[in-house]
Amino acid sequence: MKPVNDFSQIKKKYIHSDFKVRKINDFPYILKMNKLLNSEEVEEILKLAQGKFEKSNVVVDGELIYNDSQRNSSTAYIFEDGIPNKYNKTLERFIRRICHLVQCKRSQLEIMCVRYRKGEQFGQHVDYFREEELNVLDDGGQRIGTFFVYLNTLSKEDGGETEFTQLGLKSRPKKGDALFWWNQMDGEMVPETEHRGNPVVTDTIKYGMNIWYRDRPFY
């Protein structure tokens with residue numbers, strides 16, 4: 001599987017001057033991105049999510065269900081059906097940046113916001129669809145790559161880290177920063193990408209954004 005696109009070739013109008021990337025794991029291939037989004041972009045996204053949060057669900061045996069023991073956070077689809085159509089200049093810049101990084105079309109992106117309040121978490125899981133979940137692939141195909149963007153900052157005492165359960169890696173939320181990893185490499189899904197959203201243990205609310213690069217366009 002290809003790495004993300006050559007950052008030196010990204011058009012300046014799509015990227016921030018303080019955007020930095022470092023690889024934190026070779027296999028699976030995981031990147032930590034500093035300032036993938038700037039404050040203006042974060043605020044625009046949170047504004048879109050306002051009033052749209054609903055109880056999160058999970059896929060079990062090919063069906064979407066509610067399972068509070070596995071996931072008790074909230075989800076907001078900030079674009080219609082999760083697919084980014086044309087928006088204002090701020091959001092366009094962000095969408096085109098993501099498309100350039102993984103060399104995909106906007107119709108291959110699935111985007112949603114998540115919210116974790118005190119005691120809320122997402123137990124260990126993978127982002128790709130398993131064999132028994134293939135019926136959910138009718139629209140867009142497999143989730144090939146994942147960006148997880150932090151929309152606010154949490155302290156060490158707040159909890160809420162992203163933890164890769166098989167790798168001993170943890171990432172603490174910092175506004176505008178993101179993780180990226182490939183869920184598929186050399187045509188095979190990568191179970192070592194298993195991760196969890198650790199519980200938030202204080203009254204600080206955690207906001208994040210999932211961006212999935214899908215195998216084929218939704219439309």
# chains A, B, ... in the order shown; residues from 1 in each chain; ligands from 1

$ select_by_dssp --residues "chain A" --states "strand (DSSP E or B)" --output "ChimeraX atom specification"
/A:20-25,30-34,54-55,58-60,63-65,71,74-76,109-116,118,122-125,143-150,159,162-164,169-171,178-182,184-185,188-189,195-197,200,206-214

$ residues_around --residues "A:Leu109" --least-positions-apart "3" --cutoff "7 Å" --atoms "only C-alpha atoms" --output "PDB file with N, CA and C atoms, in the first residue's frame"
ATOM      1  N   ILE A  83     -21.197  12.295   3.111  1.00  0.00           N
ATOM      2  CA  ILE A  83     -20.397  12.544   1.910  1.00  0.00           C
ATOM      3  C   ILE A  83     -20.236  14.042   1.690  1.00  0.00           C
ATOM      4  N   ARG A 106     -13.460  13.049  -3.712  1.00  0.00           N
ATOM      5  CA  ARG A 106     -14.280  13.387  -2.549  1.00  0.00           C
ATOM      6  C   ARG A 106     -15.426  12.395  -2.378  1.00  0.00           C
ATOM      7  N   ILE A 211     -12.640  10.238   9.393  1.00  0.00           N
ATOM      8  CA  ILE A 211     -12.630  10.366   7.945  1.00  0.00           C
ATOM      9  C   ILE A 211     -12.161   9.035   7.386  1.00  0.00           C
ATOM     10  N   TRP A 212     -13.018   8.371   6.625  1.00  0.00           N
ATOM     11  CA  TRP A 212     -12.635   7.104   6.027  1.00  0.00           C
ATOM     12  C   TRP A 212     -12.507   7.253   4.519  1.00  0.00           C
ATOM     13  N   TYR A 213     -11.406   6.747   4.005  1.00  0.00           N
ATOM     14  CA  TYR A 213     -11.168   6.676   2.566  1.00  0.00           C
ATOM     15  C   TYR A 213     -11.709   5.332   2.109  1.00  0.00           C
ATOM     16  N   ARG A 214     -12.803   5.374   1.316  1.00  0.00           N
ATOM     17  CA  ARG A 214     -13.469   4.144   0.905  1.00  0.00           C
ATOM     18  C   ARG A 214     -12.918   3.644  -0.430  1.00  0.00           C
TER      19      ARG A 214
END

$ residues_around --residues "A:Ile30" --least-positions-apart "5" --cutoff "7 Å" --atoms "only C-alpha atoms" --output "mmCIF file with N, CA and C atoms, in the first residue's frame"
data_model
loop_
_atom_site.group_PDB
_atom_site.id
_atom_site.type_symbol
_atom_site.label_atom_id
_atom_site.label_comp_id
_atom_site.auth_asym_id
_atom_site.auth_seq_id
_atom_site.Cartn_x
_atom_site.Cartn_y
_atom_site.Cartn_z
ATOM 1 N N LYS A 23 6.031 9.401 11.312
ATOM 2 C CA LYS A 23 5.581 8.006 11.350
ATOM 3 C C LYS A 23 5.805 7.470 12.752
ATOM 4 N N ILE A 24 4.767 6.886 13.356
ATOM 5 C CA ILE A 24 4.910 6.351 14.710
ATOM 6 C C ILE A 24 4.884 4.830 14.732
ATOM 7 N N ASN A 25 4.604 4.210 13.568
ATOM 8 C CA ASN A 25 4.660 2.749 13.495
ATOM 9 C C ASN A 25 4.835 2.324 12.050
ATOM 10 N N PHE A 180 -3.365 8.887 11.224
ATOM 11 C CA PHE A 180 -3.728 8.253 9.960
ATOM 12 C C PHE A 180 -3.149 6.856 9.927
ATOM 13 N N TRP A 181 -3.932 5.910 9.416
ATOM 14 C CA TRP A 181 -3.399 4.564 9.196
ATOM 15 C C TRP A 181 -4.140 3.900 8.043
#

$ atom_distance --atom1 "atom CA of A:Asn152" --atom2 "atom CA of A:Leu91"
17.6 Å

$ residues_around --residues "stretch 164-176 of chain A" --least-positions-apart "2" --cutoff "7 Å" --atoms "only C-alpha atoms" --output "list in words"
Lys35, Leu36, Leu37, Asn38, Ser39, Val42, Val149, Tyr150, Leu151, Asn152, Thr153, Leu154, Glu161, Thr162, Ala178, Glu192, Thr193, Glu194, His195 and Arg196 of chain A

$ write_last_selection --atoms "N, CA, C and O atoms" --output "CSV table (one decimal), in the first residue's frame"
chain,number,residue,atom,x,y,z
A,35,LYS,N,-1.4,19.5,13.4
A,35,LYS,CA,-2.1,20.6,12.7
A,35,LYS,C,-2.6,20.3,11.3
A,35,LYS,O,-2.4,21.0,10.4
A,36,LEU,N,-3.3,19.1,11.2
A,36,LEU,CA,-3.9,18.8,10.0
A,36,LEU,C,-5.0,19.8,9.7
A,36,LEU,O,-5.2,20.2,8.6
A,37,LEU,N,-5.7,20.2,10.8
A,37,LEU,CA,-6.7,21.3,10.7
A,37,LEU,C,-6.3,22.5,11.5
A,37,LEU,O,-5.7,22.3,12.6
A,38,ASN,N,-6.6,23.7,11.0
A,38,ASN,CA,-6.3,24.9,11.8
A,38,ASN,C,-7.6,25.2,12.6
A,38,ASN,O,-8.6,24.5,12.5
A,39,SER,N,-7.5,26.2,13.5
A,39,SER,CA,-8.6,26.5,14.4
A,39,SER,C,-9.9,26.9,13.6
A,39,SER,O,-11.0,26.5,14.0
A,42,VAL,N,-11.5,23.7,12.4
A,42,VAL,CA,-12.1,23.0,13.5
A,42,VAL,C,-13.5,23.6,13.9
A,42,VAL,O,-14.5,22.9,14.1
A,149,VAL,N,-9.3,12.7,13.5
A,149,VAL,CA,-8.9,14.1,13.8
A,149,VAL,C,-9.5,14.5,15.2
A,149,VAL,O,-10.6,14.3,15.5
A,150,TYR,N,-8.6,15.1,16.0
A,150,TYR,CA,-9.0,15.6,17.3
A,150,TYR,C,-9.5,17.1,17.2
A,150,TYR,O,-8.8,17.9,16.6
A,151,LEU,N,-10.7,17.4,17.7
A,151,LEU,CA,-11.3,18.7,17.5
A,151,LEU,C,-11.2,19.5,18.8
A,151,LEU,O,-11.6,20.7,18.8
A,152,ASN,N,-10.6,19.0,19.8
A,152,ASN,CA,-10.3,19.8,21.0
A,152,ASN,C,-9.2,19.0,21.8
A,152,ASN,O,-8.8,17.9,21.4
A,153,THR,N,-8.6,19.7,22.8
A,153,THR,CA,-7.5,19.2,23.5
A,153,THR,C,-8.0,18.7,24.8
A,153,THR,O,-8.7,19.3,25.5
A,154,LEU,N,-7.4,17.5,25.2
A,154,LEU,CA,-7.7,16.9,26.5
A,154,LEU,C,-6.4,16.8,27.3
A,154,LEU,O,-5.3,16.5,26.6
A,161,GLU,N,-7.8,8.9,25.4
A,161,GLU,CA,-6.7,8.6,24.4
A,161,GLU,C,-7.2,7.6,23.3
A,161,GLU,O,-8.1,6.8,23.6
A,162,THR,N,-6.6,7.7,22.2
A,162,THR,CA,-6.8,6.7,21.2
A,162,THR,C,-5.6,5.7,21.4
A,162,THR,O,-4.5,6.0,21.5
A,178,ALA,N,-4.1,14.8,14.2
A,178,ALA,CA,-4.8,13.7,13.6
A,178,ALA,C,-3.9,12.4,13.6
A,178,ALA,O,-2.6,12.6,13.6
A,192,GLU,N,-3.9,-5.7,13.1
A,192,GLU,CA,-3.1,-5.0,14.0
A,192,GLU,C,-3.5,-3.5,14.2
A,192,GLU,O,-3.0,-2.8,15.0
A,193,THR,N,-4.4,-3.1,13.3
A,193,THR,CA,-4.9,-1.7,13.5
A,193,THR,C,-6.0,-1.6,14.6
A,193,THR,O,-6.6,-0.5,14.8
A,194,GLU,N,-6.3,-2.7,15.2
A,194,GLU,CA,-7.3,-2.7,16.3
A,194,GLU,C,-7.0,-1.6,17.3
A,194,GLU,O,-5.8,-1.4,17.7
A,195,HIS,N,-8.0,-0.8,17.7
A,195,HIS,CA,-7.8,0.3,18.5
A,195,HIS,C,-9.0,0.6,19.4
A,195,HIS,O,-10.1,0.0,19.2
A,196,ARG,N,-8.9,1.5,20.3
A,196,ARG,CA,-10.1,1.9,21.1
A,196,ARG,C,-10.0,3.3,21.5
A,196,ARG,O,-8.9,3.9,21.5

$ closest_residue --among "A:Lys32, A:Thr75, A:Asp26, A:His125" --to "A:Gly51" --atoms "only C-alpha atoms"
A:Thr75

$ closest_residue --among "A:Gly145, A:Pro28, A:Gly187, A:Gly123" --to "A:Gln108" --atoms "only C-alpha atoms"
A:Gly145

$ closest_residue --among "A:Phe147, A:Cys104, A:Ile111, A:His16" --to "A:Leu31" --atoms "only C-alpha atoms"
A:Phe147
